[in-house]
$ cat my_file-v4.pdb   # PDB, C-alpha atoms
ATOM      1  CA  MET A   1      85.658 171.164 126.427
ATOM      2  CA  GLN A   2      88.316 168.499 126.615
ATOM      3  CA  ARG A   3      88.638 165.282 124.670
ATOM      4  CA  PRO A   4      88.307 163.054 127.789
ATOM      5  CA  GLU A   5      84.932 164.648 128.489
ATOM      6  CA  LEU A   6      83.726 163.796 124.999
ATOM      7  CA  GLU A   7      84.993 160.251 125.353
ATOM      8  CA  GLU A   8      83.291 159.971 128.706
ATOM      9  CA  ALA A   9      80.006 161.076 127.137
ATOM     10  CA  LEU A  10      80.217 158.342 124.512
ATOM     11  CA  THR A  11      81.075 155.802 127.201
ATOM     12  CA  THR A  12      78.106 156.963 129.258
ATOM     13  CA  ILE A  13      75.795 156.493 126.291
ATOM     14  CA  ALA A  14      77.076 152.975 125.598
ATOM     15  CA  ARG A  15      76.948 151.914 129.248
ATOM     16  CA  THR A  16      73.486 153.350 129.832
ATOM     17  CA  GLN A  17      72.032 151.775 126.719
ATOM     18  CA  GLN A  18      73.516 148.404 127.618
ATOM     19  CA  THR A  19      71.934 148.690 131.068
ATOM     20  CA  VAL A  20      68.536 149.442 129.570
ATOM     21  CA  ARG A  21      68.668 146.673 126.970
ATOM     22  CA  ARG A  22      69.642 144.114 129.596
ATOM     23  CA  ALA A  23      66.870 145.291 131.880
ATOM     24  CA  VAL A  24      64.311 145.007 129.084
ATOM     25  CA  LEU A  25      65.412 141.433 128.400
ATOM     26  CA  ARG A  26      65.293 140.661 132.112
ATOM     27  CA  TRP A  27      61.800 142.086 132.493
ATOM     28  CA  THR A  28      60.317 140.568 129.357
ATOM     29  CA  LEU A  29      62.110 137.238 128.986
ATOM     30  CA  ALA A  30      64.026 135.964 132.014
ATOM     31  CA  PRO A  31      61.099 134.414 133.962
ATOM     32  CA  SER A  32      59.670 132.780 130.820
ATOM     33  CA  LEU A  33      63.041 131.338 129.846
ATOM     34  CA  ALA A  34      63.528 129.881 133.311
ATOM     35  CA  VAL A  35      60.100 128.269 133.451
ATOM     36  CA  TRP A  36      60.203 126.826 129.931
ATOM     37  CA  GLY A  37      63.682 125.508 130.687
ATOM     38  CA  LEU A  38      62.319 123.737 133.766
ATOM     39  CA  VAL A  39      59.362 122.442 131.732
ATOM     40  CA  TRP A  40      61.754 120.857 129.244
ATOM     41  CA  LEU A  41      64.099 119.599 131.980
ATOM     42  CA  VAL A  42      61.196 117.738 133.583
ATOM     43  CA  GLY A  43      59.006 116.883 130.604
ATOM     44  CA  TYR A  44      61.404 115.372 128.077
ATOM     45  CA  PRO A  45      63.241 113.012 130.438
ATOM     46  CA  ALA A  46      59.853 112.073 131.935
ATOM     47  CA  SER A  47      58.785 111.013 128.447
ATOM     48  CA  LEU A  48      61.272 108.164 128.763
ATOM     49  CA  VAL A  49      59.724 106.751 131.933
ATOM     50  CA  LEU A  50      56.051 107.698 131.669
ATOM     51  CA  ALA A  51      53.469 106.821 129.036
ATOM     52  CA  GLY A  52      49.798 107.174 128.230
ATOM     53  CA  ASP A  53      47.539 109.366 130.332
ATOM     54  CA  ALA A  54      50.172 110.052 132.963
ATOM     55  CA  LEU A  55      52.513 111.543 130.389
ATOM     56  CA  THR A  56      49.720 113.493 128.716
ATOM     57  CA  LEU A  57      48.602 114.941 132.049
ATOM     58  CA  LEU A  58      52.166 115.831 132.959
ATOM     59  CA  TRP A  59      52.687 117.706 129.686
ATOM     60  CA  ILE A  60      49.345 119.480 129.972
ATOM     61  CA  GLY A  61      50.326 120.648 133.451
ATOM     62  CA  LEU A  62      53.815 121.722 132.397
ATOM     63  CA  VAL A  63      52.665 123.576 129.289
ATOM     64  CA  THR A  64      49.888 125.291 131.257
ATOM     65  CA  LEU A  65      52.467 126.409 133.805
ATOM     66  CA  GLY A  66      54.748 127.699 131.056
ATOM     67  CA  LEU A  67      51.986 129.606 129.303
ATOM     68  CA  ALA A  68      50.746 131.093 132.589
ATOM     69  CA  VAL A  69      54.209 132.324 133.563
ATOM     70  CA  SER A  70      54.828 133.698 130.056
ATOM     71  CA  PHE A  71      51.534 135.590 130.132
ATOM     72  CA  GLY A  72      52.187 136.839 133.664
ATOM     73  CA  THR A  73      55.679 137.960 132.699
ATOM     74  CA  GLN A  74      54.286 140.133 129.925
ATOM     75  CA  LEU A  75      51.672 141.611 132.255
ATOM     76  CA  VAL A  76      54.303 142.522 134.838
ATOM     77  CA  ALA A  77      56.647 143.873 132.166
ATOM     78  CA  ALA A  78      53.849 146.075 130.831
ATOM     79  CA  ARG A  79      53.862 147.936 134.155
ATOM     80  CA  ARG A  80      57.356 149.159 133.337
ATOM     81  CA  LEU A  81      57.471 149.206 129.580
ATOM     82  CA  ARG A  82      54.913 149.867 126.869
ATOM     83  CA  SER A  83      55.179 149.785 123.134
ATOM     84  CA  PRO A  84      52.618 150.361 120.390
ATOM     85  CA  GLN A  85      54.136 147.355 118.632
ATOM     86  CA  GLY A  86      53.836 145.232 121.753
ATOM     87  CA  ARG A  87      50.278 144.056 121.149
ATOM     88  CA  ARG A  88      50.968 143.222 117.516
ATOM     89  CA  ILE A  89      54.104 141.306 118.467
ATOM     90  CA  GLY A  90      52.164 139.434 121.150
ATOM     91  CA  LEU A  91      49.372 138.660 118.711
ATOM     92  CA  SER A  92      51.905 137.420 116.155
ATOM     93  CA  TRP A  93      53.409 135.083 118.739
ATOM     94  CA  ALA A  94      49.926 133.857 119.663
ATOM     95  CA  VAL A  95      49.085 133.102 116.013
ATOM     96  CA  ALA A  96      52.383 131.291 115.472
ATOM     97  CA  SER A  97      51.865 129.335 118.699
ATOM     98  CA  GLY A  98      48.386 128.346 117.565
ATOM     99  CA  TYR A  99      49.737 126.938 114.311
ATOM    100  CA  LEU A 100      52.455 125.090 116.218
ATOM    101  CA  VAL A 101      49.905 123.494 118.500
ATOM    102  CA  LEU A 102      47.863 122.519 115.433
ATOM    103  CA  TRP A 103      50.843 120.873 113.745
ATOM    104  CA  ALA A 104      51.860 119.130 116.953
ATOM    105  CA  ALA A 105      48.330 117.846 117.555
ATOM    106  CA  LEU A 106      48.180 116.418 114.038
ATOM    107  CA  LEU A 107      51.663 114.938 114.154
ATOM    108  CA  PHE A 108      51.734 113.629 117.706
ATOM    109  CA  PRO A 109      49.532 110.515 117.270
ATOM    110  CA  ARG A 110      51.625 109.393 114.286
ATOM    111  CA  ASP A 111      55.102 110.389 115.428
ATOM    112  CA  PRO A 112      55.519 111.950 118.895
ATOM    113  CA  GLU A 113      59.220 112.529 118.405
ATOM    114  CA  LEU A 114      58.709 114.367 115.122
ATOM    115  CA  ALA A 115      55.956 116.463 116.718
ATOM    116  CA  SER A 116      58.314 117.478 119.521
ATOM    117  CA  PHE A 117      61.082 118.186 117.050
ATOM    118  CA  VAL A 118      58.823 120.475 115.004
ATOM    119  CA  LEU A 119      57.710 122.311 118.141
ATOM    120  CA  VAL A 120      61.217 122.795 119.512
ATOM    121  CA  THR A 121      62.829 123.908 116.270
ATOM    122  CA  ALA A 122      59.944 126.214 115.323
ATOM    123  CA  VAL A 123      60.116 127.938 118.717
ATOM    124  CA  MET A 124      63.881 128.232 118.364
ATOM    125  CA  ALA A 125      63.429 129.757 114.897
ATOM    126  CA  GLY A 126      61.394 132.402 116.699
ATOM    127  CA  TYR A 127      64.275 132.927 119.143
ATOM    128  CA  VAL A 128      66.709 133.371 116.255
ATOM    129  CA  LEU A 129      64.403 135.869 114.554
ATOM    130  CA  TYR A 130      64.075 137.703 117.875
ATOM    131  CA  GLY A 131      67.856 137.667 118.076
ATOM    132  CA  ILE A 132      68.241 139.191 114.632
ATOM    133  CA  TRP A 133      65.918 142.061 115.455
ATOM    134  CA  ILE A 134      66.457 142.665 119.153
ATOM    135  CA  SER A 135      69.143 140.704 120.981
ATOM    136  CA  ARG A 136      71.952 138.472 119.747
ATOM    137  CA  PHE A 137      71.697 136.645 123.057
ATOM    138  CA  MET A 138      68.401 135.085 121.965
ATOM    139  CA  ALA A 139      69.881 134.054 118.621
ATOM    140  CA  VAL A 140      72.707 132.241 120.404
ATOM    141  CA  ILE A 141      70.242 130.308 122.537
ATOM    142  CA  GLY A 142      68.045 129.552 119.532
ATOM    143  CA  LEU A 143      70.912 128.258 117.416
ATOM    144  CA  PHE A 144      72.358 126.183 120.258
ATOM    145  CA  VAL A 145      69.073 124.481 121.122
ATOM    146  CA  THR A 146      68.333 123.894 117.429
ATOM    147  CA  ALA A 147      71.696 122.155 117.019
ATOM    148  CA  VAL A 148      71.015 120.048 120.117
ATOM    149  CA  ALA A 149      67.536 119.112 118.863
ATOM    150  CA  VAL A 150      68.765 118.177 115.376
ATOM    151  CA  ALA A 151      71.590 116.049 116.774
ATOM    152  CA  GLY A 152      69.260 114.318 119.222
ATOM    153  CA  PHE A 153      66.609 113.740 116.562
ATOM    154  CA  LEU A 154      69.133 112.103 114.248
ATOM    155  CA  LEU A 155      70.414 109.854 117.039
ATOM    156  CA  GLY A 156      67.000 108.522 118.093
ATOM    157  CA  PRO A 157      64.197 108.940 120.640
ATOM    158  CA  VAL A 158      66.211 108.513 123.833
ATOM    159  CA  PRO A 159      69.073 110.860 122.838
ATOM    160  CA  PHE A 160      66.464 113.330 121.577
ATOM    161  CA  ALA A 161      64.537 113.399 124.861
ATOM    162  CA  LEU A 162      67.718 113.650 126.917
ATOM    163  CA  SER A 163      69.432 116.240 124.739
ATOM    164  CA  VAL A 164      66.407 118.519 124.402
ATOM    165  CA  GLY A 165      65.458 118.046 128.046
ATOM    166  CA  LEU A 166      68.846 118.432 129.666
ATOM    167  CA  LEU A 167      70.860 120.501 127.196
ATOM    168  CA  GLY A 168      67.973 122.461 125.656
ATOM    169  CA  GLY A 169      66.096 123.005 128.910
ATOM    170  CA  GLY A 170      69.369 123.640 130.690
ATOM    171  CA  ALA A 171      70.336 126.252 128.104
ATOM    172  CA  LEU A 172      67.076 128.113 128.701
ATOM    173  CA  VAL A 173      67.601 128.068 132.477
ATOM    174  CA  VAL A 174      71.228 129.149 132.134
ATOM    175  CA  GLY A 175      70.141 131.874 129.703
ATOM    176  CA  SER A 176      67.637 133.158 132.220
ATOM    177  CA  LEU A 177      70.221 133.135 135.006
ATOM    178  CA  TRP A 178      72.672 134.955 132.757
ATOM    179  CA  LEU A 179      70.081 137.677 132.121
ATOM    180  CA  TRP A 180      69.663 138.151 135.869
ATOM    181  CA  TRP A 181      73.370 137.922 136.607
ATOM    182  CA  SER A 182      74.510 140.253 133.819
ATOM    183  CA  SER A 183      72.139 143.004 134.901
ATOM    184  CA  ARG A 184      72.489 142.627 138.669
ATOM    185  CA  ASP A 185      75.086 145.401 138.977
ATOM    186  CA  ASP A 186      73.611 147.701 136.363
ATOM    187  CA  ALA A 187      71.298 149.545 138.720
ATOM    188  CA  ARG A 188      73.280 152.053 140.728
TER     189      ARG A 188
ATOM    190  CA  MET B   1      80.168 171.646 115.157
ATOM    191  CA  THR B   2      77.806 172.048 118.103
ATOM    192  CA  LEU B   3      76.890 169.938 121.086
ATOM    193  CA  ASP B   4      73.417 170.316 122.504
ATOM    194  CA  GLU B   5      73.984 171.322 126.127
ATOM    195  CA  ARG B   6      70.430 170.337 127.024
ATOM    196  CA  ILE B   7      71.573 166.780 126.353
ATOM    197  CA  HIS B   8      75.230 167.043 127.325
ATOM    198  CA  GLN B   9      74.560 167.518 131.043
ATOM    199  CA  PRO B  10      75.533 164.097 132.496
ATOM    200  CA  THR B  11      72.230 163.128 134.081
ATOM    201  CA  ARG B  12      70.188 164.272 131.113
ATOM    202  CA  LEU B  13      72.588 162.444 128.794
ATOM    203  CA  ARG B  14      71.888 159.206 130.683
ATOM    204  CA  ILE B  15      68.141 159.831 130.532
ATOM    205  CA  MET B  16      68.243 160.502 126.801
ATOM    206  CA  ALA B  17      70.506 157.506 126.163
ATOM    207  CA  ALA B  18      68.187 155.255 128.152
ATOM    208  CA  LEU B  19      65.082 156.404 126.286
ATOM    209  CA  ALA B  20      66.873 156.169 122.942
ATOM    210  CA  ALA B  21      67.725 152.533 123.693
ATOM    211  CA  LEU B  22      64.034 151.694 123.573
ATOM    212  CA  ALA B  23      62.164 151.095 120.332
ATOM    213  CA  PRO B  24      60.599 154.225 118.792
ATOM    214  CA  GLU B  25      57.344 155.180 120.529
ATOM    215  CA  SER B  26      58.097 152.845 123.426
ATOM    216  CA  GLU B  27      57.524 154.177 126.919
ATOM    217  CA  ILE B  28      59.203 153.389 130.223
ATOM    218  CA  GLU B  29      57.630 153.886 133.623
ATOM    219  CA  PHE B  30      59.084 156.629 135.828
ATOM    220  CA  THR B  31      60.176 154.421 138.751
ATOM    221  CA  ALA B  32      61.694 151.831 136.412
ATOM    222  CA  LEU B  33      63.854 154.498 134.782
ATOM    223  CA  ARG B  34      64.691 156.008 138.174
ATOM    224  CA  ASP B  35      65.916 152.642 139.463
ATOM    225  CA  LEU B  36      67.850 151.828 136.301
ATOM    226  CA  LEU B  37      69.721 155.118 136.466
ATOM    227  CA  GLY B  38      70.083 155.163 140.249
ATOM    228  CA  LEU B  39      68.483 158.602 140.602
ATOM    229  CA  THR B  40      66.175 160.097 143.178
ATOM    230  CA  ASP B  41      62.606 161.038 142.353
ATOM    231  CA  GLY B  42      63.429 164.735 142.620
ATOM    232  CA  ASN B  43      66.568 164.592 140.535
ATOM    233  CA  LEU B  44      64.886 162.638 137.769
ATOM    234  CA  SER B  45      61.831 164.915 137.817
ATOM    235  CA  THR B  46      63.967 168.038 137.545
ATOM    236  CA  HIS B  47      65.829 166.821 134.510
ATOM    237  CA  LEU B  48      62.713 165.371 132.888
ATOM    238  CA  LEU B  49      61.058 168.762 133.161
ATOM    239  CA  ARG B  50      63.935 170.405 131.307
ATOM    240  CA  LEU B  51      63.899 167.769 128.598
ATOM    241  CA  GLU B  52      60.126 168.069 128.291
ATOM    242  CA  GLU B  53      60.433 171.847 127.964
ATOM    243  CA  ALA B  54      62.935 171.288 125.175
ATOM    244  CA  GLY B  55      60.398 169.080 123.415
ATOM    245  CA  TYR B  56      62.684 166.060 123.658
ATOM    246  CA  ILE B  57      60.525 163.797 125.791
ATOM    247  CA  ARG B  58      56.838 163.087 126.218
ATOM    248  CA  VAL B  59      55.399 162.537 129.703
ATOM    249  CA  ARG B  60      52.139 160.605 129.915
ATOM    250  CA  LYS B  61      50.298 160.138 133.172
ATOM    251  CA  THR B  62      47.907 157.230 133.446
ATOM    252  CA  PHE B  63      46.618 154.594 135.844
ATOM    253  CA  VAL B  64      47.660 150.966 136.086
ATOM    254  CA  GLY B  65      44.861 149.458 138.100
ATOM    255  CA  ARG B  66      44.228 152.111 140.745
ATOM    256  CA  LYS B  67      47.786 153.332 140.914
ATOM    257  CA  PRO B  68      48.857 156.463 139.074
ATOM    258  CA  ARG B  69      51.796 155.863 136.775
ATOM    259  CA  THR B  70      53.954 158.128 134.680
ATOM    260  CA  PHE B  71      55.329 156.855 131.392
ATOM    261  CA  LEU B  72      58.178 158.548 129.532
ATOM    262  CA  ALA B  73      59.214 158.424 125.896
ATOM    263  CA  LEU B  74      61.446 160.250 123.470
ATOM    264  CA  THR B  75      59.655 162.452 120.976
ATOM    265  CA  PRO B  76      60.735 162.246 117.326
ATOM    266  CA  ASP B  77      62.491 165.590 117.843
ATOM    267  CA  GLY B  78      64.213 164.196 120.920
ATOM    268  CA  ARG B  79      65.401 161.097 119.096
ATOM    269  CA  ALA B  80      66.701 163.223 116.225
ATOM    270  CA  ALA B  81      68.436 165.578 118.661
ATOM    271  CA  PHE B  82      70.045 162.666 120.468
ATOM    272  CA  GLU B  83      71.322 161.183 117.202
ATOM    273  CA  ARG B  84      72.705 164.567 116.176
ATOM    274  CA  TYR B  85      74.392 164.868 119.568
ATOM    275  CA  ARG B  86      75.965 161.428 119.290
ATOM    276  CA  ALA B  87      77.083 162.070 115.714
ATOM    277  CA  ALA B  88      78.652 165.340 116.813
ATOM    278  CA  LEU B  89      80.540 163.566 119.594
ATOM    279  CA  VAL B  90      81.889 160.985 117.190
ATOM    280  CA  ALA B  91      82.797 163.596 114.615
ATOM    281  CA  LEU B  92      84.618 165.720 117.169
ATOM    282  CA  LEU B  93      86.548 162.802 118.518
ATOM    283  CA  SER B  94      87.445 161.425 115.123
ATOM    284  CA  SER B  95      88.697 164.768 113.895
ATOM    285  CA  GLN B  96      92.238 165.624 114.734
ATOM    286  CA  LEU B  97      91.457 169.293 115.159
ATOM    287  CA  PRO B  98      92.310 170.706 118.567
ATOM    288  CA  LEU B  99      89.228 171.350 120.632
ATOM    289  CA  PRO B 100      88.507 174.884 121.780
ATOM    290  CA  ALA B 101      88.980 175.243 125.528
ATOM    291  CA  GLU B 102      85.394 176.273 126.076
ATOM    292  CA  SER B 103      83.335 175.945 129.214
ATOM    293  CA  SER B 104      82.116 172.411 129.719
ATOM    294  CA  GLY B 105      78.695 173.935 130.312
ATOM    295  CA  ASP B 106      75.942 172.643 132.512
ATOM    296  CA  GLN B 107      77.597 170.309 134.973
ATOM    297  CA  ASP B 108      75.245 171.327 137.746
ATOM    298  CA  GLY B 109      72.147 171.394 135.581
ATOM    299  CA  SER B 110      71.787 175.162 135.805
ATOM    300  CA  ASP B 111      72.827 176.166 132.297
ATOM    301  CA  GLU B 112      70.373 175.508 129.481
ATOM    302  CA  ARG B 113      72.207 177.224 126.639
ATOM    303  CA  GLY B 114      73.025 175.338 123.503
ATOM    304  CA  GLY B 115      76.781 175.013 123.637
ATOM    305  CA  SER B 116      79.187 174.713 120.784
ATOM    306  CA  LEU B 117      82.678 173.449 120.261
TER     307      LEU B 117
END

$ encode --input "my_file-v4.pdb" --output "structure tokens"
Amino acid sequence: MQRPELEEALTTIARTQQTVRRAVLRWTLAPSLAVWGLVWLVGYPASLVLAGDALTLLWIGLVTLGLAVSFGTQLVAARRLRSPQGRRIGLSWAVASGYLVLWAALLFPRDPELASFVLVTAVMAGYVLYGIWISRFMAVIGLFVTAVAVAGFLLGPVPFALSVGLLGGGALVVGSLWLWWSSRDDAR
Amino acid sequence: MTLDERIHQPTRLRIMAALAALAPESEIEFTALRDLLGLTDGNLSTHLLRLEEAGYIRVRKTFVGRKPRTFLALTPDGRAAFERYRAALVALLSSQLPLPAESSGDQDGSDERGGSL
């Protein structure tokens, strides 16, 4: 057995595992990232021009769309991939999301901007934690959007809505596209 | 220093590497793995059978809705064997000892012996 054959085996392992990890991210995250990015791209800038019931209805519609796509994404992914930890992870996300909605509901009447800031940064903390355990890619997105949200929050309501909507939402959409693009040539 | 020839065969190496990339106990559906690796149904089935016989993978048949599905996972023995195989590769490459000019083994999938270097 020759050294090049051994090196080729190691290369095969690395390349195959990269293909699988990218595919898992594509199956489990890419559609959700894209939809939540679009939700933010539409919702936050709309907060600058809409108010009252119209804005509330818009956000209810957008969040419902986001949750539906996220749930559907996990259902479709479960046709390809199953994990005994999957249900516990999903339940953990559901519990955390419930607390976030509770905090946002309590904060929103007093300070809508602070409520949004708490929601965005808490979700991004989840992305960073996901990144630590599973994929650095998610940590990069989480840290970037957190920085954007903090900067916008410090600058005021209009910069916050624009930065989170355009830069934060845009980052999620770009992240989703990158997941698709980076794995498009993996399947042979 | 030995290399497990049941893993070293190129297609089986890709299958084992793919399954090892998943979290422990995680399963991947047959057609998803087939598409990821660019294999045919028959080719994948043949190599899966050999890995299953070696006790390295677990094959679970079930239904998703009304459609039959086959899910695949590494067994604990399979994961340990894969890690030993990878460690052996690294050790062999990092050593400066000349490698014996032994047969490269099962390139066509017909040889199931455990090879050694």

$ interface_residues --input "my_file-v4.pdb" --of "chain B" --to "chain A" --cutoff "9 Å" --atoms "only C-alpha atoms" --output "PyMOL selection string"
chain B and resi 8+10+13-33+35-39+64+69+71+86+89-90+92-93+98-105+117

$ atom_distance --input "my_file-v4.pdb" --atom1 "CA of His47 in chain B" --atom2 "CA of Ala77 in chain A"
24.8 Å

$ resolve_selection --input "my_file-v4.pdb" --expression "the PyMOL selection byres ((chain B and resi 45) around 12)" --output "VMD selection string"
chain B and resid 11 to 12 15 30 to 31 33 to 34 39 to 44 46 to 52 59 70 72

$ residues_around --input "my_file-v4.pdb" --residues "Phe160 in chain A" --least-positions-apart "3" --cutoff "10 Å" --atoms "all atoms listed in the file" --output "VMD selection string"
chain A and resid 44 to 45 113 116 to 117 148 to 157 163 to 166

$ residues_around --input "my_file-v4.pdb" --residues "Leu179 in chain A" --least-positions-apart "6" --cutoff "9 Å" --atoms "all atoms listed in the file" --output "list in words"
Arg22, Ala23, Leu25, Arg26, Leu29 and Ala30 of chain A

$ residues_around --input "my_file-v4.pdb" --residues "Leu33 in chain A" --least-positions-apart "4" --cutoff "6 Å" --atoms "all atoms listed in the file" --output "VMD selection string"
chain A and resid 37 172 176

$ residues_around --input "my_file-v4.pdb" --residues "range 93-102 of chain A" --least-positions-apart "4" --cutoff "7 Å" --atoms "all atoms listed in the file" --output "count of residues only"
3

$ atom_distance --input "my_file-v4.pdb" --atom1 "CA of Phe137 in chain A" --atom2 "CA of Arg79 in chain B"
25.6 Å

$ atom_distance --input "my_file-v4.pdb" --atom1 "CA of Phe144 in chain A" --atom2 "CA of Trp178 in chain A"
15.3 Å

$ residues_around --input "my_file-v4.pdb" --residues "range 63-71 of chain A" --least-positions-apart "2" --cutoff "7 Å" --atoms "only C-alpha atoms" --output "number ranges by chain"
A: 32, 35-36, 59-61, 73-75

$ resolve_selection --input "my_file-v4.pdb" --expression "the PyMOL selection byres ((chain A and resi 143) around 12)" --output "PyMOL selection string"
chain A and resi 120-132+136-142+144-150+168+171-172
